[in-house]
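Trainee: Handing over run-v1.txt, compact mmCIF, C-alpha atoms.
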# COMPACT_ATOMS: atom_id res chain seq x y z
CA MET A 12 12.39 0.92 39.30
CA GLU A 13 13.85 3.10 36.59
CA GLN A 14 12.92 6.75 36.88
CA LEU A 15 10.70 7.79 34.03
CA THR A 16 11.91 10.46 31.71
CA SER A 17 9.68 13.45 32.13
CA LEU A 18 9.51 16.94 30.81
CA VAL A 19 8.68 19.74 33.21
CA VAL A 20 7.38 22.89 31.59
CA ALA A 21 7.96 25.81 33.93
CA GLU A 22 5.69 28.82 34.14
CA ASN A 23 8.01 31.21 32.35
CA GLU A 24 8.55 28.71 29.54
CA LEU A 25 4.82 28.24 29.09
CA GLY A 26 4.55 32.00 28.76
CA SER A 27 7.16 31.96 26.01
CA ILE A 28 5.34 29.13 24.28
CA ALA A 29 2.02 30.97 24.51
CA ARG A 30 3.56 34.10 22.99
CA ALA A 31 5.09 32.12 20.14
CA LEU A 32 1.76 30.44 19.38
CA GLY A 33 -0.05 33.77 19.63
CA ARG A 34 2.34 35.40 17.17
CA LEU A 35 2.03 32.47 14.78
CA THR A 36 -1.77 32.51 14.88
CA LEU A 37 -1.84 36.26 14.28
CA GLU A 38 0.69 36.29 11.44
CA THR A 39 -0.86 33.35 9.60
CA SER A 40 -4.49 34.23 10.38
CA ALA A 41 -4.83 30.62 11.46
CA THR A 42 -7.89 29.61 13.48
CA HIS A 43 -5.71 28.07 16.15
CA ALA A 44 -2.31 26.63 16.98
CA LEU A 45 -1.49 23.82 19.36
CA LEU A 46 1.72 22.53 20.86
CA ILE A 47 1.47 18.87 21.77
CA ASP A 48 3.88 16.32 23.11
CA LYS A 49 4.75 13.44 20.77
CA SER A 50 2.65 11.12 22.96
CA GLY A 51 -0.40 13.30 22.34
CA GLN A 52 -0.51 15.39 25.48
CA LEU A 53 -1.49 19.01 25.05
CA ILE A 54 1.06 21.55 26.26
CA ALA A 55 -0.44 24.81 25.04
CA ALA A 56 -3.06 26.10 22.67
CA HIS A 57 -3.95 29.47 21.20
CA GLY A 58 -6.89 30.58 19.12
CA GLN A 59 -10.49 29.67 18.55
CA GLN A 60 -10.60 26.04 19.65
CA GLY A 61 -14.16 26.59 20.76
CA GLN A 62 -15.91 23.37 21.66
CA ARG A 63 -13.32 21.18 20.02
CA ASP A 64 -12.09 18.23 22.00
CA VAL A 65 -8.43 19.23 22.05
CA ILE A 66 -7.51 16.23 24.18
CA ALA A 67 -8.78 13.79 21.56
CA LEU A 68 -7.34 15.98 18.81
CA GLY A 69 -3.89 15.85 20.40
CA ALA A 70 -4.04 12.08 20.80
CA LEU A 71 -5.14 11.54 17.21
CA LEU A 72 -2.67 13.95 15.63
CA ALA A 73 0.22 12.48 17.62
CA GLY A 74 -0.91 9.03 16.54
CA VAL A 75 -1.03 10.06 12.91
CA PHE A 76 2.42 11.61 13.12
CA SER A 77 3.84 8.66 14.97
CA SER A 78 2.39 6.37 12.33
CA SER A 79 3.94 8.46 9.56
CA ARG A 80 7.36 7.97 11.11
CA GLN A 81 6.93 4.24 10.74
CA VAL A 82 6.02 4.82 7.09
CA ALA A 83 9.21 6.86 6.71
CA GLU A 84 11.24 3.98 8.09
CA ILE A 85 9.72 1.55 5.61
CA LEU A 86 10.51 3.94 2.76
CA GLY A 87 14.08 4.38 3.93
CA GLU A 88 13.53 8.02 4.87
CA ARG A 89 15.12 9.26 8.06
CA ASP A 90 11.86 10.90 9.10
CA PHE A 91 8.89 12.88 7.89
CA HIS A 92 9.09 16.23 9.58
CA SER A 93 5.70 17.56 8.65
CA ILE A 94 2.24 16.49 7.57
CA LEU A 95 -0.41 18.50 5.76
CA GLN A 96 -4.02 17.37 6.00
CA GLN A 97 -6.28 19.28 3.64
CA GLY A 98 -10.00 19.54 4.25
CA VAL A 99 -12.80 21.31 2.45
CA HIS A 100 -13.12 24.14 4.98
CA GLU A 101 -10.10 23.73 7.23
CA SER A 102 -6.65 22.19 6.95
CA ILE A 103 -4.05 21.13 9.47
CA PHE A 104 -0.29 21.51 9.21
CA THR A 105 1.73 19.51 11.75
CA LEU A 106 5.44 20.05 12.24
CA LEU A 107 7.89 18.06 14.37
CA ILE A 108 9.98 20.06 16.83
CA GLY A 109 13.15 18.53 18.21
CA ASP A 110 11.83 14.95 18.12
CA GLN A 111 9.62 15.71 21.12
CA TRP A 112 6.90 18.23 20.30
CA LEU A 113 4.44 18.74 17.50
CA LEU A 114 3.35 22.17 16.39
CA VAL A 115 -0.16 22.00 14.95
CA VAL A 116 -1.64 24.86 12.95
CA VAL A 117 -5.30 24.73 11.98
CA PHE A 118 -6.24 27.17 9.23
CA ASP A 119 -9.06 27.86 6.81
CA LYS A 120 -9.26 29.12 3.24
CA GLN A 121 -8.42 32.68 4.33
CA THR A 122 -4.82 31.56 4.75
CA HIS A 123 -2.40 30.22 2.18
CA VAL A 124 -0.72 26.95 3.07
CA GLY A 125 2.66 28.27 1.89
CA LEU A 126 2.51 31.09 4.42
CA VAL A 127 1.58 28.66 7.19
CA LYS A 128 4.51 26.40 6.33
CA VAL A 129 7.05 29.22 6.27
CA LEU A 130 5.87 30.88 9.48
CA ALA A 131 5.38 27.57 11.28
CA ARG A 132 8.98 26.63 10.53
CA LYS A 133 10.09 30.01 11.86
CA ALA A 134 8.05 29.51 15.05
CA SER A 135 9.44 26.01 15.39
CA GLU A 136 12.97 27.38 15.70
CA GLU A 137 11.96 29.45 18.67
CA LEU A 138 10.00 26.56 20.18
CA ALA A 139 13.01 24.28 19.69
CA ARG A 140 15.11 26.66 21.80
CA ILE A 141 12.42 26.62 24.50
CA LEU A 142 12.39 22.80 24.36
CA ASP A 143 16.16 22.75 24.94
CA ARG A 144 15.73 24.92 28.03
CA VAL A 145 12.85 22.73 29.26
CA ARG A 146 14.96 19.60 28.86
CA ALA A 147 17.87 21.17 30.70
CA GLY A 148 15.77 22.17 33.70
CA SER A 149 13.42 19.18 33.95
CA ALA A 150 15.12 16.97 36.54
CA GLN A 151 15.44 19.68 39.16
CA ALA A 152 11.97 21.06 38.54
CA ARG A 153 10.43 17.59 38.78
CA ASP A 154 11.84 17.02 42.26
CA GLN A 155 10.18 20.22 43.42
CA VAL A 156 6.76 19.05 42.22
CA VAL A 157 6.70 15.29 42.78
CA SER A 158 7.27 14.67 46.49
CA VAL A 159 6.63 11.56 48.58
CA GLN A 160 3.49 13.20 49.98
CA PHE A 161 2.29 13.95 46.47
CA ARG A 162 2.76 10.34 45.38
CA ASP A 163 0.92 9.09 48.47
CA SER A 164 -1.98 11.44 47.83
CA VAL A 165 -2.23 10.35 44.20
CA SER A 166 -2.13 6.73 45.31
CA ASN A 167 -5.03 7.31 47.72
CA THR A 168 -7.01 9.07 45.00
CA ILE A 169 -6.45 6.16 42.62
CA ASP A 170 -7.71 3.70 45.25
CA LEU A 171 -10.76 5.84 45.87
CA LEU A 172 -11.75 6.34 42.24
CA PHE A 173 -11.12 2.85 40.91
CA GLN A 174 -12.65 0.66 43.59
CA ASP A 175 -13.95 -2.76 42.66
CA MET B 25 7.18 10.65 28.34
CA ALA B 26 5.45 12.08 31.38
CA LEU B 27 4.61 15.76 31.10
CA ILE B 28 4.62 18.02 34.15
CA ASN B 29 3.19 21.39 33.19
CA VAL B 30 3.96 23.63 36.15
CA ALA B 31 2.23 26.67 34.73
CA ALA B 32 -0.97 24.81 33.89
CA ARG B 33 -0.53 22.72 37.08
CA GLU B 34 -1.03 19.45 35.23
CA ILE B 35 0.71 16.09 35.18
CA GLN B 36 0.03 13.80 32.25
CA CYS B 37 1.21 10.24 31.76
CA LYS B 38 0.61 7.63 29.06
CA ILE B 39 -0.27 3.99 29.72
CA VAL B 40 -0.52 1.45 26.92
CA TYR B 41 -2.39 -1.86 27.03
CA TYR B 42 -0.48 -4.32 24.85
CA GLY B 43 -1.28 -7.85 23.77
CA THR B 44 -2.37 -10.17 20.98
CA GLY B 45 -5.48 -9.71 18.91
CA PHE B 46 -8.71 -10.35 20.81
CA CYS B 47 -6.97 -10.71 24.17
CA GLY B 48 -9.16 -8.09 25.87
CA LYS B 49 -7.30 -4.79 25.67
CA THR B 50 -10.27 -2.86 24.30
CA THR B 51 -12.59 -4.68 26.68
CA ASN B 52 -10.49 -3.43 29.59
CA LEU B 53 -10.88 0.17 28.48
CA GLN B 54 -14.55 -0.24 27.74
CA TYR B 55 -15.11 -1.58 31.27
CA ILE B 56 -13.18 1.32 32.79
CA TYR B 57 -15.19 3.76 30.65
CA ARG B 58 -18.50 2.29 31.78
CA HIS B 59 -17.72 1.79 35.45
CA ALA B 60 -15.29 4.49 36.54
CA PRO B 61 -16.88 7.64 38.01
CA LYS B 62 -18.02 9.97 35.19
CA THR B 63 -15.89 12.76 36.58
CA ALA B 64 -12.80 10.55 36.34
CA HIS B 65 -12.77 10.03 32.58
CA GLY B 66 -13.49 11.64 29.23
CA ASP B 67 -14.94 10.13 26.11
CA MET B 68 -13.44 6.96 24.73
CA LEU B 69 -12.08 7.17 21.22
CA SER B 70 -11.71 4.04 19.10
CA ILE B 71 -10.11 3.84 15.69
CA ALA B 72 -11.40 0.49 14.54
CA THR B 73 -12.39 -1.49 11.49
CA GLU B 74 -16.01 -2.03 10.51
CA SER B 75 -15.94 -5.31 12.39
CA GLU B 76 -14.83 -3.42 15.51
CA ARG B 77 -11.29 -4.75 15.51
CA THR B 78 -8.88 -2.08 16.73
CA MET B 79 -7.05 -0.72 13.72
CA PHE B 80 -5.03 2.09 15.21
CA PHE B 81 -5.74 2.57 18.90
CA ASP B 82 -8.37 3.08 21.57
CA PHE B 83 -7.90 6.12 23.73
CA LEU B 84 -9.46 6.87 27.12
CA PRO B 85 -8.42 9.98 29.08
CA ILE B 86 -8.47 9.49 32.84
CA ASP B 87 -8.63 12.49 35.19
CA LEU B 88 -7.87 11.99 38.87
CA GLY B 89 -8.77 15.57 39.62
CA THR B 90 -6.59 17.95 41.58
CA VAL B 91 -4.01 16.48 43.95
CA HIS B 92 -1.79 18.88 45.91
CA GLY B 93 -2.69 21.60 43.44
CA PHE B 94 -1.91 19.55 40.34
CA ARG B 95 -4.42 18.02 37.94
CA VAL B 96 -3.29 14.43 37.39
CA ARG B 97 -4.26 12.77 34.12
CA PHE B 98 -3.55 9.40 32.60
CA ALA B 99 -4.04 8.70 28.91
CA LEU B 100 -4.93 5.04 28.42
CA TYR B 101 -4.25 3.56 25.00
CA THR B 102 -4.60 0.12 23.48
CA VAL B 103 -2.63 -1.11 20.52
CA PRO B 104 -4.15 -3.11 17.65
CA GLY B 105 -3.35 -6.73 18.36
CA GLN B 106 -3.48 -8.33 14.93
CA VAL B 107 -0.17 -9.41 13.43
CA LEU B 108 -0.37 -7.10 10.40
CA TYR B 109 -0.42 -4.03 12.69
CA GLU B 110 3.04 -4.55 14.15
CA ARG B 111 4.34 -1.18 12.96
CA THR B 112 1.24 0.56 14.23
CA ARG B 113 1.94 -0.86 17.69
CA VAL B 114 5.36 0.78 17.62
CA ALA B 115 3.73 4.09 16.74
CA VAL B 116 1.24 3.87 19.61
CA LEU B 117 4.03 3.01 22.08
CA ASN B 118 5.66 6.36 21.41
CA GLY B 119 6.10 8.27 24.69
CA VAL B 120 4.68 5.49 26.89
CA ASP B 121 5.15 5.71 30.65
CA GLY B 122 3.56 2.43 31.75
CA LEU B 123 2.58 -0.88 30.17
CA VAL B 124 -0.13 -3.44 30.80
CA PHE B 125 0.47 -6.73 29.01
CA VAL B 126 -2.88 -8.43 28.56
CA VAL B 127 -2.68 -12.17 28.12
CA ASP B 128 -5.38 -14.35 26.58
CA SER B 129 -5.45 -17.43 28.81
CA SER B 130 -6.67 -19.74 26.01
CA PRO B 131 -4.26 -22.68 25.48
CA GLU B 132 -4.13 -22.06 21.71
CA LYS B 133 -2.89 -18.50 22.35
CA LEU B 134 0.15 -19.40 24.44
CA GLU B 135 2.65 -19.33 21.56
CA GLU B 136 1.22 -16.09 20.19
CA ASN B 137 1.37 -14.51 23.65
CA PHE B 138 5.02 -15.47 23.89
CA GLN B 139 5.84 -13.98 20.49
CA ASN B 140 3.93 -10.82 21.36
CA LEU B 141 5.91 -10.43 24.57
CA ILE B 142 9.19 -10.77 22.68
CA GLU B 143 7.98 -8.11 20.26
CA LEU B 144 7.11 -5.82 23.18
CA GLU B 145 10.53 -6.36 24.76
CA THR B 146 12.18 -5.49 21.46
CA ASN B 147 10.11 -2.35 21.00
CA VAL B 148 10.78 -1.19 24.56
CA ARG B 149 14.51 -1.81 24.08
CA LYS B 150 14.46 0.30 20.91
CA MET B 151 13.01 3.11 23.01
CA GLY B 152 16.06 2.88 25.24
CA LYS B 153 14.14 1.30 28.09
CA ASP B 154 14.31 -2.00 29.91
CA LEU B 155 11.06 -3.86 30.55
CA GLY B 156 12.56 -5.17 33.77
CA THR B 157 12.74 -1.71 35.32
CA PHE B 158 9.87 -0.02 33.50
CA PRO B 159 6.36 0.33 35.04
CA PHE B 160 4.93 -2.95 33.78
CA VAL B 161 2.14 -5.25 34.91
CA ILE B 162 0.65 -8.40 33.40
CA GLN B 163 -3.02 -9.29 33.29
CA TRP B 164 -4.00 -12.93 32.87
CA ASN B 165 -7.31 -12.28 31.13
CA LYS B 166 -10.14 -14.64 30.21
CA ARG B 167 -9.79 -16.60 33.44
CA ASP B 168 -13.48 -17.48 33.07
CA LEU B 169 -12.63 -19.88 30.21
CA PRO B 170 -13.11 -23.50 31.29
CA ASN B 171 -9.82 -24.53 29.65
CA ALA B 172 -7.80 -21.48 30.70
CA VAL B 173 -4.09 -22.25 31.06
CA PRO B 174 -3.15 -22.38 34.77
CA THR B 175 -1.63 -19.10 35.92
CA ALA B 176 1.44 -20.94 37.22
CA THR B 177 2.13 -22.09 33.66
CA LEU B 178 1.53 -18.63 32.22
CA ASP B 179 3.79 -17.17 34.87
CA ARG B 180 6.59 -19.59 34.04
CA TYR B 181 6.55 -18.81 30.32
CA LEU B 182 5.55 -15.16 30.26
CA ASN B 183 6.73 -13.56 33.49
CA ARG B 184 10.43 -14.20 33.96
CA ARG B 185 10.72 -10.62 35.22
CA ARG B 186 8.35 -11.28 38.10
CA ALA B 187 6.15 -8.34 37.21
CA PRO B 188 2.93 -7.90 39.23
CA THR B 189 0.16 -10.07 37.80
CA PHE B 190 -3.61 -9.95 37.99
CA GLU B 191 -6.17 -12.55 37.14
CA ALA B 192 -8.99 -11.02 35.19
CA SER B 193 -12.09 -11.48 33.17
CA ALA B 194 -12.40 -8.12 31.44
CA LEU B 195 -15.88 -8.90 30.11
CA THR B 196 -17.25 -9.01 33.65
CA GLY B 197 -14.75 -6.52 35.02
CA ASP B 198 -12.92 -8.89 37.34
CA GLY B 199 -9.35 -7.73 37.74
CA VAL B 200 -9.72 -4.64 35.55
CA PHE B 201 -9.57 -2.02 38.28
CA PRO B 202 -6.84 -3.75 40.32
CA THR B 203 -4.72 -3.81 37.15
CA LEU B 204 -5.41 -0.14 36.49
CA ARG B 205 -4.70 0.91 40.07
CA THR B 206 -1.38 -0.86 40.12
CA ILE B 207 -0.10 0.45 36.80
CA CYS B 208 -1.14 4.02 37.65
CA LYS B 209 0.66 3.82 40.98
CA ALA B 210 3.73 2.30 39.32
CA VAL B 211 3.87 5.16 36.84
CA MET B 212 3.57 7.73 39.64
CA ALA B 213 6.29 5.95 41.62
CA GLY B 214 8.55 6.20 38.59
CA LEU B 215 8.05 9.92 38.06
Written as structure tokens, that's how I'd like the structure from this file.
Mentor:
Amino acid sequence: MEQLTSLVVAENELGSIARALGRLTLETSATHALLIDKSGQLIAAHGQQGQRDVIALGALLAGVFSSSRQVAEILGERDFHSILQQGVHESIFTLLIGDQWLLVVVFDKQTHVGLVKVLARKASEELARILDRVRAGSAQARDQVVSVQFRDSVSNTIDLLFQD
Amino acid sequence: MALINVAAREIQCKIVYYGTGFCGKTTNLQYIYRHAPKTAHGDMLSIATESERTMFFDFLPIDLGTVHGFRVRFALYTVPGQVLYERTRVAVLNGVDGLVFVVDSSPEKLEENFQNLIELETNVRKMGKDLGTFPFVIQWNKRDLPNAVPTATLDRYLNRRRAPTFEASALTGDGVFPTLRTICKAVMAGL
């Protein structure tokens, strides 16, 4: 079987990501910022998510963005790199990073959307560099985490949880 | 694309249930939601029309808990099966790590199943993958129908890759968990 492509985010890289999101949230006065994978999986979050279901949020936002890329294709556009969703109290700005990650900034009326866009783009450059490093180191890091014993243990857990 | 977050000690993978409209993709997830241990899944999210036809996707997060220090999660998705949502299916496939092809065993659905499989093969190829070597299982659903097409016939027309197959009746739950177990293990084996 073909080996799946996977991204392995190391501890030091997650620290860099967290600092970038923290800076972005502070400078924009956003309520929170998320970094999600294009398939909807949450990588990191910073801010006042509170009780929000960030797992569902990630899945939905990635779905919306993925859908918009199909719209771009129909229109003959190479891609849509960002989406702005404006609400009454809060808005969401989503930005594509390196064709793999989505930077999501949730902000309220205290913040101007122009500021969010400019600073999000600036943060995305740093996050893109981190993504390049993550990609470069993924194969080796994966082998350290996913051993035969690990796979066997996961397999046993699957059998236990999903019995007929 | 599988995500291994070493710092957060999490592994996340995406599995998509694919198939024609009304073949039982949503029913599979609903059964898993109702019958899997509560600790093993989150809330199910469904973006559907007013008549409960999937319009965008269903989403069910699965959590195996901690294994060797890592939290292992699977995100289960279904695609909308109706013909007009072809582009939406491509969007939902983004980043997929494993596929379940759900087949409606009704005789009148055979041609549509075949076309749907061709579409899936095309979409997977566009992602740079090969369905022959990708984690992929087939579920022959609706086996409870009195006029269900024999599985040997379905196999001949729809399974030239000799993928693992499971007979199922998602409404009653038959075959749902065996399908899920196999695709989850296939994804882990491919990591």
Trainee: Could you write out as a list in words the residues of chain B within 7 Å of chain A, counting all atoms listed in the file?
Mentor: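 Close enough to count are Met25, Ala26, Leu27, Ile28, Asn29, Val30, Ala31, Gln36, Ala60, Pro61, Leu88, Val91, His92, Arg111, Thr112, Ala115, Val116, Asn118, Gly119, Asp121, Thr157, Phe158, Phe201, Arg205, Lys209, Met212, Ala213, Gly214 and Leu215 of chain B.
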Trainee: Please write out, as AutoDock Vina command-line options, where the centre of an axis-aligned box around all listed atoms of region 198-203 of chain B lies and how long its edges are, in Å to one decimal, after adding 6 Å on each side.
Mentor:
--center_x -8.8 --center_y -5.5 --center_z 37.9 --size_x 20.2 --size_y 18.9 --size_z 16.8
Trainee: Considering all atoms listed in the file, state which residue in the set A:Val127, A:Leu37, A:Ala56, A:Ile28 is at the smallest distance from Ser93 (chain A).
Mentor: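 Counting all atoms listed in the file, the residue closest to Ser93 (chain A) is A:Val127.
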Trainee: What's the 12 Å shell around Phe104 (chain A), counting only C-alpha atoms, without same-chain residues fewer than 2 positions away, as a ChimeraX atom specification?
Mentor: /A:39,41-46,72,76,92-98,101-102,106-107,113-119,122-132
Trainee: Quick check, in Å to one decimal: how far apart do CA of Lys38 (chain B) and CA of Gly122 (chain B) lie?
Mentor: 6.6 Å
Trainee: Go ahead and compute the interatomic distance for CA of Leu86 (chain A) and CA of Ser70 (chain B), in Å to one decimal.
Mentor: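 Calculated distance between CA of Leu86 (chain A) and CA of Ser70 (chain B) is 27.6 Å.
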Trainee: Just to confirm, what's the straight-line distance from CA of Val120 (chain B) to CA of Ala176 (chain B) in Å (one decimal)?
Mentor: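 Interatomic distance, CA of Val120 (chain B) to CA of Ala176 (chain B): 28.6 Å.
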Trainee: Which of these, A:Gly148, A:Gly109, A:Gly58, A:Gly87, has the shortest distance to Glu136 (chain A) once you count only C-alpha atoms?
Mentor: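 Among the listed residues, the smallest separation from Glu136 (chain A) belongs to A:Gly109.
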Trainee: Determine the nearest neighbour of Thr206 (chain B) from the options B:Glu76, B:Val124, B:Ala172, B:Ala192, counting only C-alpha atoms.
Mentor: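 Selected residue with least distance to Thr206 (chain B): B:Val124.
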Trainee: Which polymer residues have any atom within 9 Å of an atom of Asp67 (chain B), counting only C-alpha atoms, with same-chain residues fewer than 2 positions away left out, as a ChimeraX atom specification?
Mentor: /A:67 /B:57,65,69,83-85
Trainee: Could the residues in this selection be written to a file with C-alpha atoms, as a compact mmCIF listing (two decimals), in the frame of the given file?
Mentor:
# COMPACT_ATOMS: atom_id res chain seq x y z
CA ALA A 67 -8.78 13.79 21.56
CA TYR B 57 -15.19 3.76 30.65
CA HIS B 65 -12.77 10.03 32.58
CA LEU B 69 -12.08 7.17 21.22
CA PHE B 83 -7.90 6.12 23.73
CA LEU B 84 -9.46 6.87 27.12
CA PRO B 85 -8.42 9.98 29.08
Trainee: Rank nothing, just name the residue among B:Thr44, B:Ser129, B:Asn137, B:Thr146 nearest to Glu191 (chain B), using all atoms listed in the file.
Mentor: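 Between B:Thr44, B:Ser129, B:Asn137, B:Thr146, the residue approaching Glu191 (chain B) most closely is B:Ser129.
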Trainee: Which residues, written as a CSV table (one decimal) with C-alpha atoms, keeping the file's coordinate frame, have at least one atom at most 7 Å from Val96 (chain B), with only C-alpha atoms counted and residues fewer than 2 positions away on the same chain left out?
Mentor:
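For reference, result-v1.csv as written:
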chain,number,residue,atom,x,y,z
B,34,GLU,CA,-1.0,19.4,35.2
B,35,ILE,CA,0.7,16.1,35.2
B,36,GLN,CA,0.0,13.8,32.2
B,87,ASP,CA,-8.6,12.5,35.2
B,88,LEU,CA,-7.9,12.0,38.9
B,89,GLY,CA,-8.8,15.6,39.6
B,90,THR,CA,-6.6,18.0,41.6
B,91,VAL,CA,-4.0,16.5,44.0
B,94,PHE,CA,-1.9,19.6,40.3
B,98,PHE,CA,-3.6,9.4,32.6
Trainee: Find the spatial neighbours of Gly199 (chain B), counting all atoms listed in the file, within a cut-off of 12 Å - ignore same-chain residues fewer than 5 positions away - and output them as a list in words.
Mentor: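 Neighbouring residues, sequence-local ones excluded: Phe173, Gln174 and Asp175 of chain A; Gly48, Thr51, Asn52, Tyr55, Ile56, Val126, Ile162, Gln163, Trp164, Asn165, Lys166, Arg167, Asp168, Thr189, Phe190, Glu191, Ala192, Ser193, Ala194, Leu204, Arg205 and Thr206 of chain B.
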Trainee: Between A:Ala147, A:Val65, A:Ala134, A:Ile47, which one has atoms that come closest to Gly66 (chain B), using only C-alpha atoms?
Mentor: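 Once distances to Gly66 (chain B) are computed over only C-alpha atoms, the minimum belongs to A:Val65.
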